[in-house]
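Visitor: Below: one structure in structure tokens.
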Amino acid sequence: MFLCTFLKEHGSLAENHTPQLANALHYLVLISEVEEVEIFKICLEYWNALATDLYREVPFTSPGNVFLGNSAGSRRTLYQDVLNKVRYIMISRMAKPEEVLVVENDNGEVVREFMKDTDSINLYKNMRETLVYLTHLDYNDTERIMTEKLQNQVNGTEWSWKNLNTLCWAIGSISGAMHEEDEKRFLVTVIKDLLGLCEQKRGKDNKAIIASNIMYVVGQYPRFLRAHWKFLKTVVNKLFEFMHETHDGVQDMACDTFIKIAMKCRRHFVTTQVGESCPFIEEILCTISTIICDLQTQQVHTFYEAVGYMISAQVDQHAQEGLIEKYMMLPNQVWDDIICQASNNVDVLKEIDIVKQLASILKTNVRACKALGHPYVLQLGRIYLDMLNVYKVMSENITAAIALNGETVTKQPLIKAMRVVKKETLKLISDWVSKSNDHSMVMENFIPPLLDAVLLDYQRTAVPAAREPEVLSTMASIVNKLESHITSEVPKIFDAVFECTLEMINKDFEEYPEHRTNFFLLLQSVNNHCFPAFLSIPPAQFKLVLDSIIWAFKHTMRNVADTGLQILLKLLQNVEAHEQAAQSFYQTYLTDILQHVFSVVTDTSHTAALSMHASILAYMFTLVESGRIKVQLGPMPNNTLYIQEFIASLLRSAFPHLTDNQIKITVQGLFNLDHDIPAFKEHLRDFLVQIREYTGEDDSDLYLEEREQALHYAQLEKRKIQMSVPGILNPHEVPEEMQD
């Protein structure tokens, strides 16, 4: 600890005393080899700081540009020998990356890891970053160490699961840190040696470990795979082999690696490569049943999503439609068979195996839709009406079961499975609508049957807990996507879901959290895109809408309270734009709204939303002060004086300890600063500090927003630095536009 802190803080001083520095670094290297994680973490922090500092003096250079400035060059030379040893330690001790699922447990058995070890993941991230900087400082040395260690795995002198793991995790961690030509030469050797090792070693455990390492390494180098089709094809075929390997975790890793590669190299699968007679996607689709025959259900879903990404890269619409038909053939056969049975005898939809099959097929469709986007419409159109009929039947079955056996029946496996079918149906429709690009087609062909099937069922469900909260989020997604096109349907949606949901959530702040969140998201989407619909509903229902917005921003759940405030501000702006409705709105509701907003402003559990409170109050005071409110709000004709007096009396009754002068200055300031939001917010905060000082409460939470913002900017800055250093970001975190 002393050595690390001293060298970190006074490194430049130590560099003037070379023998002593060399001695200190020598001890630090020896300490870094101690098999104690906490000691290693302390050393790692110093090595990371040193490597980062040396790299930043002369950042990433092109292969031809080997010139280093004198001081930078001499500093690198000074640390060169010790950094060679540190590279060796990093490669030998590399921690396990998050993507690796096949591990050796404490008893020496090869098993599937189920729990993520966050300590290990953080250690890996720090080691990875350090090794990337060390590679930039001398990539020849990194390559030399890795190649030697790999040869020792192949010839058996250093063969062990632990040694192979740490080496492959290190190889995977420096993706992007080498120049492309060096990376190509290095990787060709690595992949050939690993594939050879897989053939050479016997025993299920050995094969599982080698397979896991092959998958991790190839998954980390999409740039290399994109540039070398033969390797890409060999790797994917190897992944298909591993999908039949029943050893714990191997199939999961095979599917995870396959989807990563599919996303990063999608175009290469739909074009005919040199030496091939057809695009590789054709081969995959022809043998899909053989590839997935040994996979678990959730693995099949991952596989389908991966293939969907490939098909999404086909730009020829006709060719893409042909691929989608082949792609969905297997699930469609099972779907058609169940629908056929149900049309002869609807009671088959009460059998748990059939219901689970339907849920699985719908999940496959959800993943296909996620990957394909709008073109998925071809498949959706094929199953849409049958799917909505199945939804209705499931609803009727659930309602009948509750009527017969009471609400506890919803805990039974069959009823749970039926609800999964309903939820997946809604998710599929919601996902596709949000990705669609033809509003009129969606509006004409998909919305009417959906509203008929879903809304009536939601309203009629007698037991609130059996209502699907996804109905509300689906409606919100549809409104967000179709915007004003769906305004005419909003009253119908509100009639069905508004009052019955409000009944569920207005008793307290805790019950039905999903319904609660989704209800306000629906309200927000209608307010943002279909505001005229609010003007066409009866006054009593509009008052309910406003009451529910007030209820939202008083919530203790921060996400609901924030949504409520956003809705209120947008509602006030929308109202102002509709001159005829505006004046009666102000006369009826403005003072009420002011009172409720002040009640949350002064509530200590709502201080995190101070900026939003300031924006809303400033907006309302500006409305009053600028004379945009033509109607008289109170007994006196001057609205500004009336509102000032109204707020003063509010504050007086709530905080009797404040003097008249304090209240007068506060109110006057709120009006004087309503055109300058930051100053208005500061003034509001000063007032809240005054209140807290009297009651002796802590006021540090009044600065929570600023702290959150500073943290956010620090993260953005860190991300910017990471993006500027090749290899620091995991290849799967790099944005698509930076890939090709």
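Ligands are numbered from 1 in the order shown, residues from 1 within each chain, and chains are lettered A, B, ... in the order they appear in the structure tokens.
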What lies within 7 Å of Phe680 (chain A) using only C-alpha atoms, ignoring chain neighbours under 6 positions off, as a ChimeraX atom specification?
Guide: /A:614,670,673-674
Visitor: Would you kindly return, as a ChimeraX atom specification, each protein, DNA or RNA residue with an atom no farther than 10 Å from any atom of Thr461 (chain A), considering only C-alpha atoms and excluding same-chain residues fewer than 2 positions away?
Guide: /A:395-396,398-399,402,456-459,463-468,500
Visitor: Do you know which residues are at most 8 Å from region 348-358 of chain A counting only C-alpha atoms, after dropping those on the same chain fewer than 4 positions away, and could you put them as a list in words?
Guide: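 Near neighbours after the sequence-gap exclusion: Trp335, Ile338, Gln341, Ala342, Leu362, Val393, Met394, Asn397, Pro413, Leu414, Ala417, Met418 and Val421 of chain A.
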Visitor: Create the file for the chosen residues now, containing N, CA and C atoms and written as a PDB file, in the first residue's frame.
Guide:
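Wrote out_23.pdb, looks like this:
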ATOM      1  N   TRP A 335     -47.733 -24.123 -34.430  1.00  0.00           N
ATOM      2  CA  TRP A 335     -48.826 -23.162 -34.209  1.00  0.00           C
ATOM      3  C   TRP A 335     -50.070 -23.595 -34.990  1.00  0.00           C
ATOM      4  N   ILE A 338     -51.815 -26.595 -33.458  1.00  0.00           N
ATOM      5  CA  ILE A 338     -52.591 -26.296 -32.233  1.00  0.00           C
ATOM      6  C   ILE A 338     -53.876 -25.548 -32.593  1.00  0.00           C
ATOM      7  N   GLN A 341     -56.376 -27.977 -33.967  1.00  0.00           N
ATOM      8  CA  GLN A 341     -57.005 -28.771 -32.890  1.00  0.00           C
ATOM      9  C   GLN A 341     -58.034 -27.928 -32.140  1.00  0.00           C
ATOM     10  N   ALA A 342     -57.671 -26.659 -31.861  1.00  0.00           N
ATOM     11  CA  ALA A 342     -58.560 -25.783 -31.087  1.00  0.00           C
ATOM     12  C   ALA A 342     -59.839 -25.464 -31.854  1.00  0.00           C
ATOM     13  N   LEU A 362     -44.864 -17.982 -29.046  1.00  0.00           N
ATOM     14  CA  LEU A 362     -45.005 -16.520 -29.012  1.00  0.00           C
ATOM     15  C   LEU A 362     -43.690 -15.855 -28.615  1.00  0.00           C
ATOM     16  N   VAL A 393     -59.727 -16.485 -25.699  1.00  0.00           N
ATOM     17  CA  VAL A 393     -60.036 -17.776 -25.057  1.00  0.00           C
ATOM     18  C   VAL A 393     -59.307 -17.883 -23.714  1.00  0.00           C
ATOM     19  N   MET A 394     -58.029 -17.486 -23.694  1.00  0.00           N
ATOM     20  CA  MET A 394     -57.257 -17.530 -22.439  1.00  0.00           C
ATOM     21  C   MET A 394     -57.935 -16.649 -21.382  1.00  0.00           C
ATOM     22  N   ASN A 397     -61.024 -18.369 -20.099  1.00  0.00           N
ATOM     23  CA  ASN A 397     -60.660 -19.494 -19.220  1.00  0.00           C
ATOM     24  C   ASN A 397     -60.248 -18.993 -17.832  1.00  0.00           C
ATOM     25  N   PRO A 413     -50.222 -23.284 -11.778  1.00  0.00           N
ATOM     26  CA  PRO A 413     -49.363 -23.287 -12.976  1.00  0.00           C
ATOM     27  C   PRO A 413     -50.123 -23.075 -14.291  1.00  0.00           C
ATOM     28  N   LEU A 414     -51.310 -23.694 -14.435  1.00  0.00           N
ATOM     29  CA  LEU A 414     -52.050 -23.566 -15.701  1.00  0.00           C
ATOM     30  C   LEU A 414     -52.482 -22.116 -15.929  1.00  0.00           C
ATOM     31  N   ALA A 417     -49.538 -19.976 -16.786  1.00  0.00           N
ATOM     32  CA  ALA A 417     -49.116 -20.205 -18.179  1.00  0.00           C
ATOM     33  C   ALA A 417     -50.044 -19.471 -19.145  1.00  0.00           C
ATOM     34  N   MET A 418     -51.353 -19.471 -18.838  1.00  0.00           N
ATOM     35  CA  MET A 418     -52.312 -18.752 -19.696  1.00  0.00           C
ATOM     36  C   MET A 418     -52.014 -17.247 -19.683  1.00  0.00           C
ATOM     37  N   VAL A 421     -49.191 -16.417 -21.975  1.00  0.00           N
ATOM     38  CA  VAL A 421     -49.630 -16.321 -23.378  1.00  0.00           C
ATOM     39  C   VAL A 421     -50.189 -14.926 -23.647  1.00  0.00           C
TER      40      VAL A 421
END
Visitor: Can you pull out every residue within 12 Å of Arg652 (chain A), counting only C-alpha atoms, but drop anything in the same chain fewer than 4 positions away, and send it as a PyMOL selection string?
Guide: chain A and resi 645-648+656-664+666-667+691
Visitor: Can you measure CA of Ala306 (chain A) to CA of Thr290 (chain A) for me? One decimal in Å is fine.
Guide: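 Pair CA of Ala306 (chain A) / CA of Thr290 (chain A) returns 16.3 Å.
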Visitor: Which residues are close to Tyr327 (chain A), i.e. within 12 Å by only C-alpha atoms, leaving aside same-chain residues fewer than 6 positions away? Reply as a ChimeraX atom specification.
Guide: /A:281-289,303-312,320-321,333,364-365,368,372,376,378-379
Visitor: Next, write the just-selected residues to a file, as a CSV table (one decimal), in the first residue's frame, keeping N, CA, C and O atoms as the atom set.
Guide:
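That gives us part-v3.csv:
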chain,number,residue,atom,x,y,z
A,281,ILE,N,-26.8,-18.1,-44.9
A,281,ILE,CA,-28.1,-18.1,-44.3
A,281,ILE,C,-29.0,-19.2,-44.8
A,281,ILE,O,-29.8,-19.8,-44.1
A,282,GLU,N,-28.9,-19.4,-46.1
A,282,GLU,CA,-29.7,-20.5,-46.8
A,282,GLU,C,-29.4,-21.8,-46.1
A,282,GLU,O,-30.3,-22.6,-45.8
A,283,GLU,N,-28.1,-22.1,-46.0
A,283,GLU,CA,-27.7,-23.4,-45.3
A,283,GLU,C,-28.2,-23.5,-43.9
A,283,GLU,O,-28.7,-24.5,-43.5
A,284,ILE,N,-28.1,-22.4,-43.2
A,284,ILE,CA,-28.6,-22.4,-41.8
A,284,ILE,C,-30.1,-22.7,-41.7
A,284,ILE,O,-30.6,-23.6,-41.0
A,285,LEU,N,-30.9,-22.0,-42.6
A,285,LEU,CA,-32.3,-22.2,-42.6
A,285,LEU,C,-32.7,-23.7,-43.0
A,285,LEU,O,-33.7,-24.2,-42.5
A,286,CYS,N,-32.0,-24.2,-43.9
A,286,CYS,CA,-32.3,-25.6,-44.3
A,286,CYS,C,-32.0,-26.6,-43.2
A,286,CYS,O,-32.6,-27.7,-43.2
A,287,THR,N,-31.1,-26.3,-42.3
A,287,THR,CA,-30.7,-27.3,-41.3
A,287,THR,C,-31.1,-26.9,-39.9
A,287,THR,O,-30.6,-27.4,-38.9
A,288,ILE,N,-32.0,-25.9,-39.8
A,288,ILE,CA,-32.3,-25.3,-38.5
A,288,ILE,C,-32.8,-26.3,-37.5
A,288,ILE,O,-32.4,-26.3,-36.3
A,289,SER,N,-33.6,-27.3,-38.0
A,289,SER,CA,-34.2,-28.3,-37.0
A,289,SER,C,-33.1,-29.2,-36.4
A,289,SER,O,-33.1,-29.5,-35.3
A,303,PHE,N,-31.3,-18.4,-30.3
A,303,PHE,CA,-30.9,-18.8,-31.6
A,303,PHE,C,-31.8,-18.1,-32.7
A,303,PHE,O,-31.3,-17.5,-33.7
A,304,TYR,N,-33.1,-18.1,-32.4
A,304,TYR,CA,-34.0,-17.4,-33.4
A,304,TYR,C,-33.7,-15.9,-33.5
A,304,TYR,O,-33.8,-15.4,-34.6
A,305,GLU,N,-33.4,-15.3,-32.4
A,305,GLU,CA,-33.1,-13.9,-32.5
A,305,GLU,C,-31.9,-13.6,-33.3
A,305,GLU,O,-31.8,-12.7,-34.1
A,306,ALA,N,-30.9,-14.5,-33.1
A,306,ALA,CA,-29.6,-14.3,-33.8
A,306,ALA,C,-29.8,-14.5,-35.3
A,306,ALA,O,-29.3,-13.6,-36.1
A,307,VAL,N,-30.6,-15.5,-35.7
A,307,VAL,CA,-30.8,-15.7,-37.2
A,307,VAL,C,-31.7,-14.5,-37.7
A,307,VAL,O,-31.4,-14.1,-38.9
A,308,GLY,N,-32.5,-14.0,-36.9
A,308,GLY,CA,-33.3,-12.8,-37.3
A,308,GLY,C,-32.5,-11.6,-37.6
A,308,GLY,O,-32.7,-10.9,-38.6
A,309,TYR,N,-31.4,-11.4,-36.9
A,309,TYR,CA,-30.5,-10.3,-37.2
A,309,TYR,C,-29.8,-10.5,-38.5
A,309,TYR,O,-29.6,-9.5,-39.3
A,310,MET,N,-29.5,-11.7,-38.8
A,310,MET,CA,-28.9,-12.0,-40.2
A,310,MET,C,-29.9,-11.6,-41.3
A,310,MET,O,-29.5,-10.9,-42.2
A,311,ILE,N,-31.1,-12.1,-41.1
A,311,ILE,CA,-32.1,-11.9,-42.2
A,311,ILE,C,-32.4,-10.4,-42.3
A,311,ILE,O,-32.7,-9.9,-43.4
A,312,SER,N,-32.3,-9.6,-41.2
A,312,SER,CA,-32.6,-8.2,-41.2
A,312,SER,C,-31.6,-7.4,-42.1
A,312,SER,O,-31.9,-6.3,-42.6
A,320,GLN,N,-35.9,-11.2,-48.8
A,320,GLN,CA,-36.0,-11.2,-47.4
A,320,GLN,C,-37.3,-11.9,-47.0
A,320,GLN,O,-37.3,-12.7,-46.0
A,321,GLU,N,-38.4,-11.7,-47.8
A,321,GLU,CA,-39.7,-12.3,-47.4
A,321,GLU,C,-39.5,-13.8,-47.6
A,321,GLU,O,-40.1,-14.6,-46.7
A,333,GLN,N,-45.5,-24.4,-38.0
A,333,GLN,CA,-46.1,-25.8,-38.2
A,333,GLN,C,-46.8,-26.2,-36.8
A,333,GLN,O,-47.9,-26.7,-36.8
A,364,THR,N,-40.7,-17.0,-29.2
A,364,THR,CA,-39.9,-17.1,-30.4
A,364,THR,C,-40.2,-16.0,-31.4
A,364,THR,O,-39.4,-15.3,-31.9
A,365,ASN,N,-41.5,-15.7,-31.5
A,365,ASN,CA,-42.0,-14.6,-32.4
A,365,ASN,C,-41.6,-13.3,-31.9
A,365,ASN,O,-41.2,-12.4,-32.7
A,368,ALA,N,-38.0,-12.9,-32.8
A,368,ALA,CA,-37.9,-12.7,-34.3
A,368,ALA,C,-38.2,-11.2,-34.6
A,368,ALA,O,-37.6,-10.6,-35.4
A,372,LEU,N,-36.0,-8.5,-36.5
A,372,LEU,CA,-36.3,-8.1,-37.9
A,372,LEU,C,-36.9,-6.7,-38.0
A,372,LEU,O,-36.7,-6.1,-39.1
A,376,TYR,N,-41.0,-7.9,-40.0
A,376,TYR,CA,-41.7,-9.0,-39.3
A,376,TYR,C,-43.2,-9.0,-39.6
A,376,TYR,O,-43.9,-10.0,-39.4
A,378,LEU,N,-44.8,-9.6,-42.2
A,378,LEU,CA,-45.2,-10.7,-43.0
A,378,LEU,C,-45.6,-11.9,-42.1
A,378,LEU,O,-46.6,-12.5,-42.4
A,379,GLN,N,-44.9,-12.1,-41.0
A,379,GLN,CA,-45.2,-13.2,-40.1
A,379,GLN,C,-46.3,-12.8,-39.2
A,379,GLN,O,-47.2,-13.6,-38.9
Visitor: Can you list, as number ranges by chain, every residue of region 119-253 of chain A that DSSP puts in alpha helix (DSSP H)?
Guide: A: 119-137, 139-154, 161-173, 180-200, 204-219, 222-227, 229-242, 250-253
Visitor: Write a file of the selected residues as a compact mmCIF listing (two decimals), in the first residue's frame, keeping C-alpha atoms.
Guide:
# COMPACT_ATOMS: atom_id res chain seq x y z
CA ASP A 119 -16.14 -8.66 -7.52
CA SER A 120 -14.60 -10.86 -10.17
CA ILE A 121 -16.23 -8.84 -12.99
CA ASN A 122 -14.82 -5.56 -11.62
CA LEU A 123 -11.38 -7.12 -11.23
CA TYR A 124 -11.58 -8.32 -14.84
CA LYS A 125 -12.52 -4.84 -16.10
CA ASN A 126 -9.54 -3.25 -14.29
CA MET A 127 -7.11 -5.96 -15.46
CA ARG A 128 -8.46 -5.75 -18.99
CA GLU A 129 -7.97 -1.98 -19.12
CA THR A 130 -4.43 -2.32 -17.72
CA LEU A 131 -3.50 -5.02 -20.24
CA VAL A 132 -4.89 -2.96 -23.14
CA TYR A 133 -2.68 0.01 -22.14
CA LEU A 134 0.30 -2.34 -21.68
CA THR A 135 -0.35 -3.78 -25.15
CA HIS A 136 -0.36 -0.30 -26.67
CA LEU A 137 2.99 0.38 -24.99
CA TYR A 139 2.25 -5.04 -28.51
CA ASN A 140 5.16 -7.21 -29.70
CA ASP A 141 5.89 -8.20 -26.13
CA THR A 142 2.23 -8.95 -25.37
CA GLU A 143 2.00 -11.11 -28.49
CA ARG A 144 5.28 -12.89 -27.64
CA ILE A 145 4.11 -13.82 -24.12
CA MET A 146 0.71 -15.00 -25.33
CA THR A 147 2.14 -17.05 -28.22
CA GLU A 148 4.69 -18.74 -25.95
CA LYS A 149 2.07 -19.59 -23.34
CA LEU A 150 -0.25 -20.96 -26.04
CA GLN A 151 2.54 -23.18 -27.41
CA ASN A 152 3.06 -24.50 -23.88
CA GLN A 153 -0.63 -25.41 -23.75
CA VAL A 154 -0.40 -27.28 -27.06
CA TRP A 161 -7.63 -25.67 -17.12
CA LYS A 162 -6.61 -22.63 -15.07
CA ASN A 163 -3.65 -21.77 -17.34
CA LEU A 164 -5.70 -22.15 -20.52
CA ASN A 165 -8.55 -20.08 -19.06
CA THR A 166 -6.43 -17.14 -17.93
CA LEU A 167 -4.53 -17.12 -21.24
CA CYS A 168 -7.69 -17.13 -23.38
CA TRP A 169 -9.39 -14.54 -21.19
CA ALA A 170 -6.31 -12.33 -21.67
CA ILE A 171 -6.29 -12.91 -25.46
CA GLY A 172 -9.99 -11.99 -25.64
CA SER A 173 -9.47 -8.88 -23.52
CA GLU A 180 -5.45 -5.04 -37.83
CA GLU A 181 -2.62 -6.83 -39.68
CA ASP A 182 -0.93 -7.89 -36.43
CA GLU A 183 -4.28 -8.97 -35.01
CA LYS A 184 -4.96 -11.11 -38.10
CA ARG A 185 -1.60 -12.89 -37.94
CA PHE A 186 -1.92 -13.47 -34.21
CA LEU A 187 -5.53 -14.69 -34.27
CA VAL A 188 -5.06 -17.15 -37.12
CA THR A 189 -2.45 -18.90 -34.94
CA VAL A 190 -4.61 -18.72 -31.81
CA ILE A 191 -7.78 -20.11 -33.40
CA LYS A 192 -5.92 -22.90 -35.24
CA ASP A 193 -4.12 -23.93 -32.03
CA LEU A 194 -7.32 -23.89 -29.97
CA LEU A 195 -9.26 -25.92 -32.56
CA GLY A 196 -6.32 -28.37 -32.67
CA LEU A 197 -6.34 -28.60 -28.86
CA CYS A 198 -10.08 -29.38 -28.96
CA GLU A 199 -9.41 -32.33 -31.30
CA GLN A 200 -6.36 -33.48 -29.35
CA LYS A 204 -15.90 -34.22 -21.53
CA ASP A 205 -14.50 -31.74 -18.98
CA ASN A 206 -11.43 -30.95 -21.10
CA LYS A 207 -13.60 -30.41 -24.17
CA ALA A 208 -16.02 -28.17 -22.25
CA ILE A 209 -13.20 -25.91 -21.01
CA ILE A 210 -11.56 -25.67 -24.46
CA ALA A 211 -14.96 -25.07 -26.12
CA SER A 212 -15.75 -22.28 -23.67
CA ASN A 213 -12.39 -20.62 -24.42
CA ILE A 214 -12.75 -20.92 -28.21
CA MET A 215 -16.20 -19.31 -27.97
CA TYR A 216 -15.00 -16.49 -25.76
CA VAL A 217 -12.00 -15.64 -27.96
CA VAL A 218 -13.86 -15.69 -31.29
CA GLY A 219 -16.76 -13.71 -29.80
CA PRO A 222 -15.81 -9.42 -34.70
CA ARG A 223 -13.45 -7.19 -36.77
CA PHE A 224 -11.30 -10.19 -37.62
CA LEU A 225 -14.30 -12.42 -38.42
CA ARG A 226 -15.83 -9.78 -40.71
CA ALA A 227 -12.61 -9.63 -42.70
CA TRP A 229 -15.13 -15.29 -44.23
CA LYS A 230 -13.59 -18.78 -44.08
CA PHE A 231 -12.77 -18.36 -40.39
CA LEU A 232 -16.22 -16.90 -39.73
CA LYS A 233 -17.89 -19.90 -41.36
CA THR A 234 -15.63 -22.38 -39.53
CA VAL A 235 -16.35 -20.67 -36.21
CA VAL A 236 -20.13 -20.65 -36.72
CA ASN A 237 -20.12 -24.33 -37.72
CA LYS A 238 -18.09 -25.05 -34.57
CA LEU A 239 -20.71 -23.17 -32.52
CA PHE A 240 -23.41 -25.38 -34.09
CA GLU A 241 -21.37 -28.41 -32.95
CA PHE A 242 -21.19 -27.02 -29.42
CA VAL A 250 -21.54 -25.00 -23.20
CA GLN A 251 -24.83 -24.66 -25.08
CA ASP A 252 -25.59 -21.35 -23.34
CA MET A 253 -22.21 -19.96 -24.34
Visitor: Quick one, how far is CA of Asp603 (chain A) from CA of Leu522 (chain A)?
Guide: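 Rounded to one decimal, the two atoms are 26.5 Å apart.
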Visitor: Which one of A:Ala24, A:Ala177, A:Ala95, A:Val37 sits closest to Ser724 (chain A) if you count only C-alpha atoms?
Guide: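 Result for the nearest residue to Ser724 (chain A): A:Ala177.
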Visitor: Rounded to one decimal, what separation in Å do you get between CA of Ile174 (chain A) and CA of Ile728 (chain A)?
Guide: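 Calculated distance between CA of Ile174 (chain A) and CA of Ile728 (chain A) is 7.9 Å.
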Visitor: Which residues come within 9 Å of Arg628 (chain A), counting only C-alpha atoms, excluding same-chain residues fewer than 4 positions away, as a list in words?
Guide: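 My reading of the contact set: Glu576, Gln583, Thr622, Leu623 and Val624 of chain A.
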Visitor: Can you tell me which residues surround Ile643 (chain A) at a distance of at most 12 Å, considering only C-alpha atoms, apart from same-chain residues fewer than 2 positions away, and format the answer as a PyMOL selection string?
Guide: chain A and resi 590-592+594-595+617+620-625+629+632-641+645-650+667-668+670-671
Visitor: Since we have the selection now, will you write its residues out, keeping C-alpha atoms, as a PDB file, in the first residue's frame?
Guide:
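Output below, filename result23.pdb:
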ATOM      1  CA  LEU A 590     -55.072  26.851 -11.661  1.00  0.00           C
ATOM      2  CA  THR A 591     -55.128  27.723  -7.954  1.00  0.00           C
ATOM      3  CA  ASP A 592     -55.758  24.066  -7.054  1.00  0.00           C
ATOM      4  CA  LEU A 594     -50.571  25.672  -7.472  1.00  0.00           C
ATOM      5  CA  GLN A 595     -51.584  24.503  -4.011  1.00  0.00           C
ATOM      6  CA  LEU A 617     -44.059  27.100 -10.944  1.00  0.00           C
ATOM      7  CA  MET A 620     -47.511  29.206 -14.098  1.00  0.00           C
ATOM      8  CA  PHE A 621     -46.319  32.533 -12.648  1.00  0.00           C
ATOM      9  CA  THR A 622     -45.328  33.714 -16.130  1.00  0.00           C
ATOM     10  CA  LEU A 623     -48.859  32.881 -17.363  1.00  0.00           C
ATOM     11  CA  VAL A 624     -50.330  35.002 -14.575  1.00  0.00           C
ATOM     12  CA  GLU A 625     -47.859  37.883 -14.826  1.00  0.00           C
ATOM     13  CA  ILE A 629     -54.968  34.517 -18.232  1.00  0.00           C
ATOM     14  CA  GLN A 632     -60.536  36.587 -13.074  1.00  0.00           C
ATOM     15  CA  LEU A 633     -59.010  33.944 -10.762  1.00  0.00           C
ATOM     16  CA  GLY A 634     -60.215  35.340  -7.440  1.00  0.00           C
ATOM     17  CA  PRO A 635     -62.244  38.079  -5.747  1.00  0.00           C
ATOM     18  CA  MET A 636     -59.789  40.837  -6.752  1.00  0.00           C
ATOM     19  CA  PRO A 637     -59.543  41.877 -10.445  1.00  0.00           C
ATOM     20  CA  ASN A 638     -55.698  41.865 -10.564  1.00  0.00           C
ATOM     21  CA  ASN A 639     -54.678  38.204 -11.004  1.00  0.00           C
ATOM     22  CA  THR A 640     -50.997  38.837 -10.161  1.00  0.00           C
ATOM     23  CA  LEU A 641     -51.844  40.434  -6.794  1.00  0.00           C
ATOM     24  CA  GLU A 645     -51.604  36.885  -1.805  1.00  0.00           C
ATOM     25  CA  PHE A 646     -52.873  33.318  -2.319  1.00  0.00           C
ATOM     26  CA  ILE A 647     -49.322  31.895  -2.120  1.00  0.00           C
ATOM     27  CA  ALA A 648     -48.397  34.107   0.828  1.00  0.00           C
ATOM     28  CA  SER A 649     -51.393  32.828   2.820  1.00  0.00           C
ATOM     29  CA  LEU A 650     -50.548  29.242   1.809  1.00  0.00           C
ATOM     30  CA  VAL A 667     -43.177  35.466  -3.056  1.00  0.00           C
ATOM     31  CA  GLN A 668     -41.799  38.633  -4.654  1.00  0.00           C
ATOM     32  CA  LEU A 670     -40.698  33.923  -7.300  1.00  0.00           C
ATOM     33  CA  PHE A 671     -42.441  36.438  -9.549  1.00  0.00           C
TER      34      PHE A 671
END
Visitor: Determine the nearest neighbour of Trp47 (chain A) from the options A:Leu569, A:Ile292, A:Ile361, A:Cys4, counting only C-alpha atoms.
Guide: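 Between A:Leu569, A:Ile292, A:Ile361, A:Cys4, the residue approaching Trp47 (chain A) most closely is A:Cys4.
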